[in-house]
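Accompanying notes for the structure given below.
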Amino acid sequence: MTDVAIRASEKDLRDTDLAAEDLHDRLSRAWGAKSGLIGWLSDVDHKAVGRRYIFTAFVFLALAGSAAALMRLQLARPESQLIGPDLYNQLFTMHGTTMMFLFAVPVMQAFAVYLAPLMVGTRNIAFPRLTLFSYYVYVLGGLMIWVAFLMNIGPDVGWFAYTPLSGPQFSPGKRSDIWAQMITFTEVSSLAVAVSVIVTVFKQRAPGMTLDRIPLLVWAMLVTSFLIMFAMPAVMLASTMLILDRLVGTHFFNYAEGGDTLLWQHLFWFFGHPEVYIIFLPGTGFVSQIVGTFSRRPVFGYLPLVLALVATGFLSFGLWVHHMFATGLPQLGASFFTASSMLIAVPSGLQIFCWIATLWGSRPVLATPMLFVLGFLFIFVLGGMTGVMVASVPIDLQVHDTYFVVAHFHYVLIGGAVFPLLGAVYYWFPKITGRLMSERLGKWNFWTAFIGFNVAFFGMHILGLMGMPRRVYTYQPDLGWGPLNMVSTAGALLLAASFGLFFINALVSMRSGAPAGNNPWGAGTLEWATPSPPPVYNFARYPIVRHREPLWAEGDELPVAHGLMVSQRELLITTLTEARPDLREGTPDGSIWPFIAALAVAVAFICSIFWAIAAVWGSALVGLTLIGWFWPKSVTEDVT
Amino acid sequence: MKLRPVTDLSGLPTYGYGPQSPIWWGTLGFMALEGMGFALAIGAYLYLYHLAPGWPLADRPPNHWPGTLMTAVLLLSAWPNKLVDRAGHEEDLPKVQRLLIVMSVIGLLTLVIRFWEFTQLYVRWDQNAYGSLLWLLLGLHYTHLITDVGDTLVLTALMFTKHARGKRFSDVSDNAFYWYFVIGAWLPMYVLIYWVPRW
């Protein structure tokens, strides 16, 4: 054979007859990132992007948590002089904004970026460069708002930035512009990741993974991505209108010129209520996976659980007005939104009963992930019950804007999302790093978090009923709120300490945790079929799925497909419902262009806060970087 | 864990068209979220219209002729768009090149017409909320026009290079798919901007 023929046959070499080690070497070369800083910034491996996303989201959690701790220290005593009103306004705005836009949504999407391709049995996420671009846009948006805060121009109008307070008349300066533009950054990022996740789940499932074999967490991520797709445009449109009102003199929210301040609330809450489920549904996905694994049986009621996810997704778009009961609504409207708000408790309750039925009669292994799930069940059910209470207009009018509501949504969000998330970190940490987290520290972590959380937030229900309003930087001693606030601050400090234990556990275990092996928990889904941490190409050969929990059903021998190229990156594309093999399609290599494009987006967005015309030249700049990104770099890209 | 090969995938094609292709689904996803943006902007218009004592909040409604011309050009462009889509499926390069040039010219023409439309609204964006809404709706659609025309121009250039083969024909088809969305999204906007104030 001539050299040219050998080279050609090498290039077209398939995995069919290669031995395991040879296959590993070749796939590692084809799928590996380039070395150096440029290679690191260009790496489109979903696991690398997912790890960075998760890490960054937890950094923002720490920052937002610190803001909360400062607020609690200020409120511990009446008439405290620790923090002034202006800084306090910035702190609660930064806390809410960071938690919702820079932590809760991104961390759930980060887990989707890391886990969804592994769980559906593919080698990379769909549109990996877009996902990398999204990560950089997210980081740059988060950096912008926190740098602004450090420069004392942090937003101070609450995480929902109600007009007219956030409009040009009552918020001169750049604080609200920074907030509005941060929304644009994070929504661009979230929307792009949502599309990538949907296409990954639709088109890249392993052969045989029909719709009724998709893991419940992946279903949750899919429904969440659809919620993002239809909810986030509302806040993006609203924040664009706000910044136009502020920068170029439009009048969308100016009552004097035909605008309306409540239009802001409608658009914001049309996004804001589904946002709660965007955060909560992935949490339910984590719970389903963990409950199944630790009760050693398939989760009871797969079909009702999937239908509950989908129903919750639909219903979440019909509740937004319950955030606006105090604005004065027609009675029919109020009744409708009360009914729909109560209705959504049905699919949520159904999920709880399915998990209880799964645990019933089993001998659940009470490892740390499972403890966090049990904590979730307790806290979330309490938060759900107060949710049904505030769905009623008369009660809502009494407790609106009081600490009762603060207690309610922290029970729902921390209980419904953060506890499952912490459980998820303990559960998948061994897969991501190859090492187990310490169980001893994990149990300390759980109990301090559980006790700290309840001590911090339960008393707030009572404070709210006593009339303590939200967003006040201090209060007078004779109001009698001091003792409960002191208890709440003590609980908050314990909760903060629990996160300290969590971070210490993660850092120490990353270096010296016990080696995990492929499947330390004996789980049934595909991500556990890979080594820990998974190689860059995820699966040496594409798995064939014949059961909902393939690893439990197949025993020690996994059926696989072969015939893919090993000299370049190739993905298997399957059909939408039956996941029949359809195409062997190329997937992009690493590229620095997503990073450059994200920088251009940041320049355009940030400069347009100061000079409106920057939106025009900035868009041209972004357009140029996108051409650089999409222009093919080699002819092989054209045919594969 | 032992791996037991049971299926050979080596005979599968390396690219596909329409719903076979992940890019098609990605494009559909972006259409859905952008369509949601359009729907909400239309909702905002109707909301303020409902609250206003009279409509339009201007001396007269916008001159509909630029918008009508835009509608006609966009509707007529569906035909060459269909042809370029078909030529992409057939992987007929000369036809794809010719039709992409046609679509580029049509695209550039729509950008000019849109500029004319802005001058015929008879209300500035900073005059009142009605003016703000008109500029927002038109601007929102304008960004989509610019994006697709830019994409078409780059794709046209690409199809005259050595890269004009294989999955690039699928890209041509996906680009045509997005243009249908640009046309479809315009029609309710046209009715809203030009005819609702006349009712």
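In the structure tokens, each chain is lettered A, B, ... as it comes, each chain's residues begin at 1, and ligands are numbered from 1 in order of appearance.
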From a backbone DSSP assignment, name each residue in region 7-198 of chain B labelled alpha helix (DSSP H), as an NGL selection string. :B and (22-51 or 64-90 or 93-119 or 129-158 or 168-190)
Counting only C-alpha atoms, what is within 9 Å of Gly67 (chain B), bar same-chain residues fewer than 6 positions away, as a tab-separated table (two decimals) with N, CA and C atoms, in the first residue's frame?
chain	number	residue	atom	x	y	z
B	113	ILE	N	-35.95	48.84	2.22
B	113	ILE	CA	-37.38	49.15	2.43
B	113	ILE	C	-37.66	49.41	3.91
B	114	ARG	N	-37.02	48.61	4.76
B	114	ARG	CA	-37.23	48.79	6.20
B	114	ARG	C	-36.79	50.17	6.65
B	116	TRP	N	-36.87	52.80	4.88
B	116	TRP	CA	-37.95	53.69	4.43
B	116	TRP	C	-39.13	53.62	5.39
B	117	GLU	N	-39.45	52.42	5.84
B	117	GLU	CA	-40.56	52.25	6.77
B	117	GLU	C	-40.37	53.11	8.03
B	190	TYR	N	-47.14	43.38	10.47
B	190	TYR	CA	-47.64	44.28	9.42
B	190	TYR	C	-49.07	44.70	9.73
B	193	ILE	N	-48.99	47.02	12.95
B	193	ILE	CA	-48.41	48.36	12.82
B	193	ILE	C	-49.23	49.24	11.89
B	194	TYR	N	-49.68	48.65	10.79
B	194	TYR	CA	-50.28	49.51	9.76
B	194	TYR	C	-51.80	49.50	9.74
List the spatial neighbours of Leu576 (chain A) as JSON, numbers by chain - criterion: any atom at most 9 Å away, only C-alpha atoms, same-chain residues fewer than 6 positions off excluded. {"A": [201, 202, 203, 204, 205, 210, 211], "B": [19, 20]}
Save the residues we just selected, all heavy atoms, as a compact mmCIF listing (two decimals), in the first residue's frame?
# COMPACT_ATOMS: atom_id res chain seq x y z
N VAL A 201 -31.02 16.11 23.67
CA VAL A 201 -31.97 15.09 24.13
C VAL A 201 -32.82 14.59 22.95
O VAL A 201 -33.13 13.40 22.87
CB VAL A 201 -32.87 15.65 25.25
CG1 VAL A 201 -33.89 14.62 25.70
CG2 VAL A 201 -32.02 16.09 26.44
N PHE A 202 -33.15 15.47 22.05
CA PHE A 202 -33.99 15.06 20.91
C PHE A 202 -33.22 14.17 19.92
O PHE A 202 -33.75 13.21 19.41
CB PHE A 202 -34.50 16.30 20.16
CG PHE A 202 -35.79 16.86 20.70
CD1 PHE A 202 -36.31 16.43 21.91
CD2 PHE A 202 -36.49 17.82 20.00
CE1 PHE A 202 -37.49 16.95 22.42
CE2 PHE A 202 -37.68 18.35 20.49
CZ PHE A 202 -38.17 17.92 21.69
N LYS A 203 -31.97 14.54 19.62
CA LYS A 203 -31.30 13.95 18.46
C LYS A 203 -30.06 13.14 18.78
O LYS A 203 -29.47 12.57 17.87
CB LYS A 203 -30.91 15.07 17.48
CG LYS A 203 -32.08 15.80 16.84
CD LYS A 203 -32.97 14.89 16.02
CE LYS A 203 -32.29 14.39 14.76
NZ LYS A 203 -33.14 13.43 14.04
N GLN A 204 -29.62 13.13 20.00
CA GLN A 204 -28.35 12.45 20.28
C GLN A 204 -28.48 11.32 21.31
O GLN A 204 -27.49 10.92 21.91
CB GLN A 204 -27.30 13.47 20.73
CG GLN A 204 -26.87 14.39 19.61
CD GLN A 204 -25.76 15.33 19.97
OE1 GLN A 204 -25.64 16.38 19.38
NE2 GLN A 204 -24.91 15.00 20.94
N ARG A 205 -29.69 10.84 21.51
CA ARG A 205 -29.83 9.75 22.48
C ARG A 205 -29.24 8.48 21.90
O ARG A 205 -29.28 8.25 20.68
CB ARG A 205 -31.31 9.55 22.84
CG ARG A 205 -31.97 10.78 23.43
CD ARG A 205 -33.26 10.45 24.12
NE ARG A 205 -34.18 9.68 23.32
CZ ARG A 205 -34.98 10.18 22.39
NH1 ARG A 205 -34.97 11.48 22.15
NH2 ARG A 205 -35.80 9.40 21.72
N THR A 210 -35.69 5.07 23.69
CA THR A 210 -36.97 5.63 23.27
C THR A 210 -37.44 6.63 24.33
O THR A 210 -36.85 6.71 25.42
CB THR A 210 -38.01 4.51 23.12
OG1 THR A 210 -37.93 3.70 24.30
CG2 THR A 210 -37.71 3.63 21.92
N LEU A 211 -38.51 7.35 24.02
CA LEU A 211 -38.95 8.41 24.94
C LEU A 211 -39.22 7.86 26.34
O LEU A 211 -38.97 8.53 27.34
CB LEU A 211 -40.21 9.09 24.40
CG LEU A 211 -40.04 9.90 23.10
CD1 LEU A 211 -41.37 10.52 22.70
CD2 LEU A 211 -38.99 10.99 23.25
N PRO B 19 -35.50 17.68 9.45
CA PRO B 19 -35.55 17.17 10.82
C PRO B 19 -34.51 16.09 11.12
O PRO B 19 -34.29 15.75 12.28
CB PRO B 19 -36.97 16.58 10.94
CG PRO B 19 -37.75 17.21 9.85
CD PRO B 19 -36.80 17.53 8.75
N GLN B 20 -33.86 15.57 10.09
CA GLN B 20 -32.75 14.64 10.34
C GLN B 20 -31.58 15.35 11.01
O GLN B 20 -30.84 14.75 11.77
CB GLN B 20 -32.23 14.11 8.99
CG GLN B 20 -32.75 12.77 8.56
CD GLN B 20 -31.96 12.28 7.36
OE1 GLN B 20 -31.80 13.00 6.38
NE2 GLN B 20 -31.45 11.07 7.45
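Contact shell of Pro22 (chain B) at 8 Å (only C-alpha atoms; same-chain neighbours under 6 positions omitted): Ala126, Val199, Lys203 and Ile573 of chain A.
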Just the selected residues (all heavy atoms), exported as a tab-separated table (two decimals), in the first residue's frame, please.
chain	number	residue	atom	x	y	z
A	126	ALA	N	-24.93	18.85	21.84
A	126	ALA	CA	-25.18	19.47	20.54
A	126	ALA	C	-24.69	20.92	20.61
A	126	ALA	O	-24.81	21.56	21.65
A	126	ALA	CB	-26.67	19.43	20.22
A	199	VAL	N	-31.74	19.92	21.85
A	199	VAL	CA	-31.32	19.19	20.65
A	199	VAL	C	-30.51	17.94	21.04
A	199	VAL	O	-30.64	16.89	20.41
A	199	VAL	CB	-30.54	20.12	19.69
A	199	VAL	CG1	-30.03	19.35	18.48
A	199	VAL	CG2	-31.43	21.26	19.23
A	203	LYS	N	-31.97	14.54	19.62
A	203	LYS	CA	-31.30	13.95	18.46
A	203	LYS	C	-30.06	13.14	18.78
A	203	LYS	O	-29.47	12.57	17.87
A	203	LYS	CB	-30.91	15.07	17.48
A	203	LYS	CG	-32.08	15.80	16.84
A	203	LYS	CD	-32.97	14.89	16.02
A	203	LYS	CE	-32.29	14.39	14.76
A	203	LYS	NZ	-33.14	13.43	14.04
A	573	ILE	N	-26.27	10.51	15.41
A	573	ILE	CA	-27.55	11.22	15.46
A	573	ILE	C	-28.65	10.18	15.30
A	573	ILE	O	-28.59	9.33	14.39
A	573	ILE	CB	-27.65	12.26	14.32
A	573	ILE	CG1	-26.44	13.21	14.35
A	573	ILE	CG2	-28.96	13.04	14.40
A	573	ILE	CD1	-26.27	13.99	15.62
May I have a table of the residues of chain B lying at most 6 Å from chain A, giving each one's closest pair of atoms and their distance in Å to one decimal, counting only C-alpha atoms, ordered by chain and ascending residue number, as CSV?
residue,atom,partner,partner_atom,distance
B:Met1,CA,A:Asp556,CA,5.3
B:Lys2,CA,A:Glu557,CA,4.7
B:Leu3,CA,A:Leu558,CA,5.0
B:Arg4,CA,A:Pro559,CA,4.7
B:Pro5,CA,A:Val560,CA,4.7
B:Val6,CA,A:Ala561,CA,5.8
B:Thr7,CA,A:Ala561,CA,4.5
B:Asp8,CA,A:His562,CA,5.1
B:Leu9,CA,A:Gly563,CA,4.7
B:Ser10,CA,A:Gly563,CA,4.1
B:Leu12,CA,A:Leu583,CA,5.3
B:Pro13,CA,A:Leu583,CA,5.3
B:Thr14,CA,A:Arg584,CA,4.8
B:Tyr15,CA,A:Glu585,CA,5.8
B:Gly29,CA,A:Val195,CA,5.8
B:Leu33,CA,A:Met229,CA,5.2
B:Gly37,CA,A:Pro233,CA,5.2
B:Trp125,CA,A:Thr250,CA,5.7
B:Asp126,CA,A:Thr250,CA,4.5
B:Asn128,CA,A:Glu257,CA,4.9
B:Ala129,CA,A:His251,CA,4.6
B:Ser132,CA,A:Thr250,CA,5.3
B:His163,CA,A:Val635,CA,6.0
B:Gly166,CA,A:Val639,CA,4.4
B:Lys167,CA,A:Asp638,CA,5.5
Restricting to only C-alpha atoms, whichever of B:Ser104, B:Thr161, B:Asn175, B:Gln120 is closest to Val149 (chain B) is B:Ser104
What gap, in Å, lies between CA of Gly35 (chain B) and CA of Tyr180 (chain B)? 12.3 Å
Spatial neighbours of Ile356 (chain A), max dist 12 Å, only C-alpha atoms, sep filter under 4 positions, as a ChimeraX atom specification: /A:287-288,291-292,295,299-301,349-352,360-362,364,373-374,377-378
Among chain B, which ones does DSSP assign to strand (DSSP E or B) (computed from the backbone)? Answer as a list in words. Lys2, Leu3, Arg4, Pro5, Val6, Thr7 and Asp8 of chain B
